[in-house]
Amino acid sequence: MNELPDFTAVSQQANALALASTPAELHGGLCGWLAAGGIDRNDWLAAVLADPGLAAPEAGSALDRLRAVSVAQLEDRDFAFELLLSAASATVLERTGALFDWCRGFLGGFGLASGTRPSLSEEGEEALEDLARLAASSSDEFEAGDEDEDALAEIEEFVRVAVLLLHGDCVMAVRHRKSLN
């Protein structure tokens, strides 16, 4: 149950709901919301897309599983968190574009949930700044070479760790401080 739903299934449901976001951007927004301390809620689309008119995803649907698995992965002590990106068979340009979409979504969700600037560690501040730089990037800078495949894998891993760090600063540290009081 800790495996993200298929990118295509999320895409089909997003299209059926006429959402303007890509699956990667939706997942990034959801993870940004959760990493900043946003409440896990069934109607997450309304919160993350700042559209109170959006209905909650149907229970058990790909979008509902996306939420449930993302929550579980962010809370996993074995750091099993994954990014929902284009399939590995997609071109490096498509996967790079999806990663940058994911980062843009993350920043939006993070900003919505945190409101004012949250108290972050120095590493958390740097991670958030780096995610903002990635969100402003373009896949036009990449070509389909082995070096770009390696660079993309490294960037994906960096984003994954940055999200866990921010979640640690905004959620886990707050929880820990509350348990000490």
# chains A, B, ... in the order shown; residues from 1 in each chain; ligands from 1
call {"tool": "residues_around", "arguments": {"residues": "A:Gly28", "least_positions_apart": "6", "cutoff": "9 Å", "atoms": "only C-alpha atoms", "output": "ChimeraX atom specification"}}
result
/A:83-84,99,101-109
call {"tool": "write_last_selection", "arguments": {"atoms": "N, CA, C and O atoms", "output": "PDB file, in the first residue's frame"}}
result
ATOM      1  N   LEU A  83       8.909  10.419  -5.679  1.00  0.00           N
ATOM      2  CA  LEU A  83       8.273  11.464  -6.477  1.00  0.00           C
ATOM      3  C   LEU A  83       7.463  10.807  -7.582  1.00  0.00           C
ATOM      4  O   LEU A  83       7.922   9.845  -8.200  1.00  0.00           O
ATOM      5  N   LEU A  84       6.271  11.322  -7.848  1.00  0.00           N
ATOM      6  CA  LEU A  84       5.479  10.837  -8.975  1.00  0.00           C
ATOM      7  C   LEU A  84       5.890  11.637 -10.200  1.00  0.00           C
ATOM      8  O   LEU A  84       5.564  12.828 -10.316  1.00  0.00           O
ATOM      9  N   LEU A  99       9.833  16.833 -13.549  1.00  0.00           N
ATOM     10  CA  LEU A  99      10.497  17.151 -12.279  1.00  0.00           C
ATOM     11  C   LEU A  99      10.357  18.641 -11.960  1.00  0.00           C
ATOM     12  O   LEU A  99      10.071  19.015 -10.818  1.00  0.00           O
ATOM     13  N   ASP A 101       7.960  20.605 -13.056  1.00  0.00           N
ATOM     14  CA  ASP A 101       6.537  20.774 -12.702  1.00  0.00           C
ATOM     15  C   ASP A 101       6.306  20.367 -11.252  1.00  0.00           C
ATOM     16  O   ASP A 101       5.583  21.025 -10.514  1.00  0.00           O
ATOM     17  N   TRP A 102       6.918  19.246 -10.858  1.00  0.00           N
ATOM     18  CA  TRP A 102       6.773  18.741  -9.490  1.00  0.00           C
ATOM     19  C   TRP A 102       7.255  19.809  -8.501  1.00  0.00           C
ATOM     20  O   TRP A 102       6.580  20.097  -7.513  1.00  0.00           O
ATOM     21  N   CYS A 103       8.403  20.408  -8.792  1.00  0.00           N
ATOM     22  CA  CYS A 103       8.962  21.438  -7.903  1.00  0.00           C
ATOM     23  C   CYS A 103       8.060  22.664  -7.842  1.00  0.00           C
ATOM     24  O   CYS A 103       7.857  23.233  -6.761  1.00  0.00           O
ATOM     25  N   ARG A 104       7.491  23.078  -8.986  1.00  0.00           N
ATOM     26  CA  ARG A 104       6.571  24.225  -8.985  1.00  0.00           C
ATOM     27  C   ARG A 104       5.347  23.912  -8.130  1.00  0.00           C
ATOM     28  O   ARG A 104       4.907  24.745  -7.336  1.00  0.00           O
ATOM     29  N   GLY A 105       4.805  22.708  -8.284  1.00  0.00           N
ATOM     30  CA  GLY A 105       3.662  22.308  -7.473  1.00  0.00           C
ATOM     31  C   GLY A 105       4.016  22.276  -6.001  1.00  0.00           C
ATOM     32  O   GLY A 105       3.240  22.730  -5.144  1.00  0.00           O
ATOM     33  N   PHE A 106       5.196  21.758  -5.678  1.00  0.00           N
ATOM     34  CA  PHE A 106       5.638  21.669  -4.286  1.00  0.00           C
ATOM     35  C   PHE A 106       5.668  23.058  -3.654  1.00  0.00           C
ATOM     36  O   PHE A 106       5.160  23.255  -2.544  1.00  0.00           O
ATOM     37  N   LEU A 107       6.264  24.018  -4.343  1.00  0.00           N
ATOM     38  CA  LEU A 107       6.361  25.371  -3.791  1.00  0.00           C
ATOM     39  C   LEU A 107       4.981  25.975  -3.555  1.00  0.00           C
ATOM     40  O   LEU A 107       4.758  26.642  -2.536  1.00  0.00           O
ATOM     41  N   GLY A 108       4.056  25.731  -4.468  1.00  0.00           N
ATOM     42  CA  GLY A 108       2.695  26.245  -4.299  1.00  0.00           C
ATOM     43  C   GLY A 108       2.006  25.634  -3.090  1.00  0.00           C
ATOM     44  O   GLY A 108       1.439  26.351  -2.260  1.00  0.00           O
ATOM     45  N   GLY A 109       2.074  24.318  -2.976  1.00  0.00           N
ATOM     46  CA  GLY A 109       1.456  23.640  -1.829  1.00  0.00           C
ATOM     47  C   GLY A 109       2.115  24.018  -0.519  1.00  0.00           C
ATOM     48  O   GLY A 109       1.445  24.228   0.497  1.00  0.00           O
TER      49      GLY A 109
END
call {"tool": "select_by_dssp", "arguments": {"residues": "chain A", "states": "helix (DSSP H, G or I)", "output": "PyMOL selection string"}}
result
chain A and resi 7-16+23-35+44-48+62-75+92-114+122-135+139-141+146-180
call {"tool": "closest_residue", "arguments": {"among": "A:Asp6, A:Ser21, A:Ala36, A:Leu131", "to": "A:Arg117", "atoms": "only C-alpha atoms"}}
result
A:Ala36
call {"tool": "residues_around", "arguments": {"residues": "A:Glu156", "least_positions_apart": "6", "cutoff": "12 Å", "atoms": "only C-alpha atoms", "output": "VMD selection string"}}
result
chain A and resid 81 to 86 95 to 100 102 to 103 131 134 148 to 150 162 to 163
call {"tool": "residues_around", "arguments": {"residues": "A:Asp169", "least_positions_apart": "6", "cutoff": "10 Å", "atoms": "only C-alpha atoms", "output": "number ranges by chain"}}
result
A: 35-37, 118-121, 123-125, 163, 175
call {"tool": "atom_distance", "arguments": {"atom1": "atom CA of A:Ala132", "atom2": "atom CA of A:Leu45"}}
result
21.9 Å
call {"tool": "decode", "arguments": {"residues": "stretch 105-119 of chain A", "atoms": "N, CA and C atoms", "output": "tab-separated table (two decimals), in the first residue's frame"}}
result
chain	number	residue	atom	x	y	z
A	105	GLY	N	4.80	22.71	-8.28
A	105	GLY	CA	3.66	22.31	-7.47
A	105	GLY	C	4.02	22.28	-6.00
A	106	PHE	N	5.20	21.76	-5.68
A	106	PHE	CA	5.64	21.67	-4.29
A	106	PHE	C	5.67	23.06	-3.65
A	107	LEU	N	6.26	24.02	-4.34
A	107	LEU	CA	6.36	25.37	-3.79
A	107	LEU	C	4.98	25.98	-3.55
A	108	GLY	N	4.06	25.73	-4.47
A	108	GLY	CA	2.70	26.24	-4.30
A	108	GLY	C	2.01	25.63	-3.09
A	109	GLY	N	2.07	24.32	-2.98
A	109	GLY	CA	1.46	23.64	-1.83
A	109	GLY	C	2.11	24.02	-0.52
A	110	PHE	N	3.43	24.14	-0.54
A	110	PHE	CA	4.18	24.51	0.66
A	110	PHE	C	3.76	25.91	1.12
A	111	GLY	N	3.67	26.83	0.17
A	111	GLY	CA	3.27	28.20	0.51
A	111	GLY	C	1.86	28.28	1.04
A	112	LEU	N	0.94	27.51	0.46
A	112	LEU	CA	-0.44	27.52	0.93
A	112	LEU	C	-0.55	26.99	2.36
A	113	ALA	N	0.17	25.92	2.65
A	113	ALA	CA	0.06	25.31	3.98
A	113	ALA	C	0.82	26.09	5.04
A	114	SER	N	1.95	26.68	4.67
A	114	SER	CA	2.76	27.36	5.68
A	114	SER	C	2.31	28.79	5.92
A	115	GLY	N	1.61	29.38	4.96
A	115	GLY	CA	1.17	30.77	5.12
A	115	GLY	C	2.37	31.69	5.19
A	116	THR	N	2.70	32.15	6.36
A	116	THR	CA	3.89	32.98	6.52
A	116	THR	C	5.11	32.07	6.48
A	117	ARG	N	6.24	32.66	6.39
A	117	ARG	CA	7.49	31.89	6.30
A	117	ARG	C	7.67	31.03	7.55
A	118	PRO	N	7.74	29.71	7.38
A	118	PRO	CA	7.91	28.84	8.54
A	118	PRO	C	9.33	28.93	9.10
A	119	SER	N	9.48	28.50	10.31
A	119	SER	CA	10.79	28.46	10.94
A	119	SER	C	11.53	27.23	10.40
